[in-house]
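K.L.:
Take a look at this one; I'll ask things after.
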Amino acid sequence: MLRKTPVALALAALSLTLSTSCAHAQTPQVAASTSPAAEPPARLAEITVSSTRTERSTDAVPNTVTVYGKKKLAQRDARDLKDLLEGEVDIAVRAVAPRFTAAGASTGRGGNEGINIRGLEGNQVLLMVDGIRLPQSFSFGAFSSGRLDYLEMDTLASAEVLRGPASAQFGSEGLAGAVSLRTLSPEDLLVEGKTKAGFVRSNLSSVDNSQRLAGALAARSGQWDGLLLLSARRGHETKTLGEDGSNNSNRSKANPADVSSETLLAKTGVQLSESHRVQVALEGHRREVDTDVLSARAVTVSDKTPNAVVGLQAQDTLKRDRLSLEHRYEDLNANWLQSLRTQIYVQNSDTRQYATEDRYTSPDRIRDGRYEETLIGLSSQAQTQLSKQRLSYG
């Protein structure tokens, strides 16, 4: 049994006193380390436009919105929207390996067909580029036209994905949600007083053995500014986990394909005054896919199977062109009208799917399908501040 002597008690008291003194001496250092100057900078909230059609913080809107700004887009360096939205909750992009036939199934022929938001997809999800709706999806028999291959990722300045009904803001197509995409403008590159700016991007992808090259140049002179962007891509079929490389219907590997696309984006604008700006935009996109559909070939060919397919070649082309004229008015000090945006536009799209099927002894078959869509529109939206209330109409 241990006994505490007077000396031990004195040493314990001295140790307690020194510990307390050290604690008091270190208190100012702790306070200094937690001073406001040492705190990390506050993170600015992301701004969304698609949820209420006005600029709001993503934390202040009733819907779930994902915003991809220029920085996020550059970090992801996505090949397409499927690559960009990979891993997003409640969102999936429909795209399967092509295993179509000339006159029957259209499996995979639509490419990146569309976006599924919480179980709803197709034309129930609104897709817009600069406020202009992308062409709708369409399928009939062996023909299938998707929606997401009508654009090029290099042209985008931002992307917003709105989950949940958006019919009140955008119409019936927004039943499941809305995807709002904005292309680059001169002011996106001409920052910090620059009069000239640009970029060159290149990308190699092992998923489809593709190469991409894009370049843009923006310039400003007086009240005028402009932007020119060119992009080209060359690639092949997207790899799958299949291991069977048979040249018949037993094949599980992807069918050989050559994919190419070219994109042009040109914009020019003039600042008429501090409040008024006019901008013209021209956009063109071309995409071509040549596929050797080995999976459509018959396993056995004999005189008893005259209809057996011995070869199927497919050539699919996709085009989209749009011309738009936009006027923007901004004056926060105005009495009754602080903001007005008006846009008139025309957009033409064309999808052609051509297939030639070689059969053993029966006559060969040729199928040529086409889907064309022309969109002409005028949109206008204004904002008025009434005391503490903001009124948006258009």
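As shown in the structure tokens, the chain order sets the letters A, B, ...; within each chain, residues go from 1, and ligands are also counted from 1 in the order they appear.
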Taking 5 positions as the minimum chain separation for residues in the same chain, which residues sit within 9 Å of range 278-286 of chain A when counting only C-alpha atoms? Answer as a PyMOL selection string.
P.N.:
chain A and resi 150-152+260-272+317-328
K.L.:
Would you list, as number ranges by chain, the residues of range 44-160 of chain A that end up in alpha helix (DSSP H) under DSSP run on this structure's backbone?
P.N.:
A: 70-76, 81-84
K.L.:
Can you tell me which residues surround Arg234 in chain A at a distance of at most 12 Å, considering only C-alpha atoms, apart from same-chain residues fewer than 6 positions away, and format the answer as a PDB file with C-alpha atoms, in the first residue's frame?
P.N.:
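The file below, out.pdb, is the result:
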ATOM      1  CA  ARG A  79     -16.467  13.104 -74.101  1.00  0.00           C
ATOM      2  CA  SER A 202      -6.774  17.884 -77.305  1.00  0.00           C
ATOM      3  CA  ASN A 203      -7.980  14.630 -75.849  1.00  0.00           C
ATOM      4  CA  LEU A 204      -7.271  10.937 -76.259  1.00  0.00           C
ATOM      5  CA  SER A 205      -9.734   8.353 -74.967  1.00  0.00           C
ATOM      6  CA  ASP A 208     -13.386   4.276 -77.975  1.00  0.00           C
ATOM      7  CA  ASN A 209      -9.837   4.967 -79.223  1.00  0.00           C
ATOM      8  CA  SER A 210     -10.879   8.492 -80.114  1.00  0.00           C
ATOM      9  CA  GLN A 211      -8.914  11.677 -80.667  1.00  0.00           C
ATOM     10  CA  ARG A 212     -10.395  15.131 -80.226  1.00  0.00           C
ATOM     11  CA  LEU A 213      -9.017  18.534 -81.156  1.00  0.00           C
ATOM     12  CA  ALA A 214     -10.748  21.842 -80.463  1.00  0.00           C
ATOM     13  CA  ALA A 257     -17.399   1.265 -86.204  1.00  0.00           C
ATOM     14  CA  ASP A 258     -15.787   4.476 -87.415  1.00  0.00           C
ATOM     15  CA  VAL A 259     -17.105   7.655 -85.788  1.00  0.00           C
ATOM     16  CA  SER A 260     -16.373  11.221 -86.863  1.00  0.00           C
ATOM     17  CA  SER A 261     -17.833  14.601 -85.953  1.00  0.00           C
ATOM     18  CA  GLU A 262     -17.192  18.274 -86.701  1.00  0.00           C
ATOM     19  CA  ARG A 287     -21.709  13.417 -87.005  1.00  0.00           C
ATOM     20  CA  GLU A 288     -21.210  10.242 -89.032  1.00  0.00           C
ATOM     21  CA  VAL A 289     -21.044   6.619 -87.902  1.00  0.00           C
ATOM     22  CA  ASP A 290     -20.120   3.738 -90.228  1.00  0.00           C
TER      23      ASP A 290
END
K.L.:
Using only C-alpha atoms, pick whichever of A:Pro98, A:Gly171, A:Gly377, A:Gly311 has the shortest atom-to-atom distance to Ala298 in chain A.
P.N.:
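Result for the nearest residue to Ala298 in chain A: A:Gly311.
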K.L.:
What does the distance from CA of Arg220 in chain A to CA of Lys196 in chain A come to in Å, to one decimal?
P.N.:
6.6 Å
K.L.:
Once DSSP has gone over the backbone, tell me which residues of range 127-204 of chain A are in strand (DSSP E or B), as a count of residues only.
P.N.:
35
K.L.:
Between A:Gly198, A:Gly226, A:Gly177, A:Gly108, single out the one closest to Ala142 in chain A, counting only C-alpha atoms.
P.N.:
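Selected residue with least distance to Ala142 in chain A: A:Gly108.
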K.L.:
One decimal, Å: what's the distance from CA of Val200 in chain A over to CA of Asp77 in chain A, could you say?
P.N.:
13.1 Å
K.L.:
Per residue of range 117-205 of chain A within 12 Å of range 354-370 of chain A, which atom pair is closest and at what distance in Å (one decimal), using only C-alpha atoms, listed by chain and increasing number, as a Markdown table?
P.N.:
| residue | atom | partner | partner_atom | distance |
| --- | --- | --- | --- | --- |
| A:Phe138 | CA | A:Arg370 | CA | 10.2 |
| A:Ser139 | CA | A:Gly369 | CA | 10.2 |
| A:Phe140 | CA | A:Gly369 | CA | 9.3 |
| A:Gly141 | CA | A:Gly369 | CA | 10.0 |
| A:Ala142 | CA | A:Gly369 | CA | 8.7 |
| A:Phe143 | CA | A:Gly369 | CA | 6.5 |
| A:Ser144 | CA | A:Gly369 | CA | 9.2 |
| A:Ser145 | CA | A:Arg370 | CA | 9.1 |
K.L.:
Put those residues in a file: N, CA and C atoms, as a short mmCIF file (atom, residue, chain, number, x, y, z; two decimals), in the first residue's frame.
P.N.:
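Dumped to again_13.cif:
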data_model
loop_
_atom_site.label_atom_id
_atom_site.label_comp_id
_atom_site.auth_asym_id
_atom_site.auth_seq_id
_atom_site.Cartn_x
_atom_site.Cartn_y
_atom_site.Cartn_z
N PHE A 138 -36.96 9.92 -81.79
CA PHE A 138 -37.96 9.28 -82.64
C PHE A 138 -37.47 7.88 -82.98
N SER A 139 -38.39 6.91 -82.95
CA SER A 139 -38.04 5.54 -83.31
C SER A 139 -39.21 4.88 -84.02
N PHE A 140 -38.88 4.05 -85.00
CA PHE A 140 -39.89 3.30 -85.74
C PHE A 140 -39.20 2.11 -86.39
N GLY A 141 -39.55 0.91 -85.96
CA GLY A 141 -38.93 -0.27 -86.52
C GLY A 141 -37.44 -0.28 -86.25
N ALA A 142 -36.65 -0.39 -87.32
CA ALA A 142 -35.20 -0.42 -87.18
C ALA A 142 -34.59 0.97 -87.10
N PHE A 143 -35.41 2.01 -87.16
CA PHE A 143 -34.92 3.39 -87.11
C PHE A 143 -35.03 3.91 -85.68
N SER A 144 -33.95 4.53 -85.21
CA SER A 144 -33.95 5.10 -83.86
C SER A 144 -33.05 6.32 -83.84
N SER A 145 -33.64 7.46 -83.53
CA SER A 145 -32.90 8.72 -83.47
C SER A 145 -32.86 9.21 -82.03
#
K.L.:
Residues at most 12 Å from Gly245 in chain A, counting only C-alpha atoms, excluding those fewer than 3 positions away in the same chain, as a short mmCIF file (atom, residue, chain, number, x, y, z; two decimals) with C-alpha atoms, in the first residue's frame?
P.N.:
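Writing done, so here's result_33.cif:
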data_model
loop_
_atom_site.label_atom_id
_atom_site.label_comp_id
_atom_site.auth_asym_id
_atom_site.auth_seq_id
_atom_site.Cartn_x
_atom_site.Cartn_y
_atom_site.Cartn_z
CA THR A 240 -17.66 -3.50 -74.02
CA LEU A 241 -16.95 -6.32 -71.57
CA GLY A 242 -17.82 -8.93 -74.18
CA ASN A 248 -22.04 -13.77 -86.30
CA SER A 249 -24.90 -13.38 -83.85
CA ASN A 250 -22.85 -15.08 -81.12
CA ARG A 251 -20.64 -12.00 -80.97
CA SER A 252 -20.56 -10.20 -77.62
CA LYS A 253 -17.83 -7.69 -78.45
CA ALA A 254 -18.84 -4.35 -79.91
CA ASN A 255 -19.34 -4.20 -83.66
CA PRO A 256 -16.54 -2.37 -85.52
CA LEU A 294 -21.10 -8.44 -87.55
CA SER A 295 -23.64 -9.45 -84.90
#
K.L.:
Please provide as a list in words all residues within 7 Å of Thr155 in chain A, with the sequence filter that same-chain residues fewer than 2 positions apart are discarded (counting only C-alpha atoms).
P.N.:
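Skipping anything fewer than 2 positions along the chain leaves Glu152, Met153, Ala157, Thr183 and Leu184 of chain A.
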K.L.:
Hey, can you spit out that residue selection with N, CA and C atoms as an mmCIF file, in the first residue's frame?
P.N.:
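Saved the output as part-v3.cif:
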data_model
loop_
_atom_site.group_PDB
_atom_site.id
_atom_site.type_symbol
_atom_site.label_atom_id
_atom_site.label_comp_id
_atom_site.auth_asym_id
_atom_site.auth_seq_id
_atom_site.Cartn_x
_atom_site.Cartn_y
_atom_site.Cartn_z
ATOM 1 N N GLU A 152 -21.793 19.152 -79.052
ATOM 2 C CA GLU A 152 -20.384 18.884 -78.787
ATOM 3 C C GLU A 152 -20.005 19.523 -77.464
ATOM 4 N N MET A 153 -19.336 18.760 -76.604
ATOM 5 C CA MET A 153 -19.013 19.234 -75.261
ATOM 6 C C MET A 153 -18.062 20.430 -75.271
ATOM 7 N N ALA A 157 -20.257 26.251 -72.036
ATOM 8 C CA ALA A 157 -19.734 27.098 -70.961
ATOM 9 C C ALA A 157 -20.311 26.680 -69.620
ATOM 10 N N THR A 183 -23.794 27.636 -74.396
ATOM 11 C CA THR A 183 -22.552 27.591 -75.154
ATOM 12 C C THR A 183 -21.685 28.804 -74.835
ATOM 13 N N LEU A 184 -20.430 28.700 -75.200
ATOM 14 C CA LEU A 184 -19.473 29.765 -74.942
ATOM 15 C C LEU A 184 -19.843 31.035 -75.694
#
K.L.:
Please identify all polymer residues within 12 Å of Leu126 in chain A, counting only C-alpha atoms, omitting same-chain residues fewer than 3 positions from it, and present them as a PyMOL selection string.
P.N.:
chain A and resi 50+114-117+120-123+129+131-137+147-148+160-167+169-181
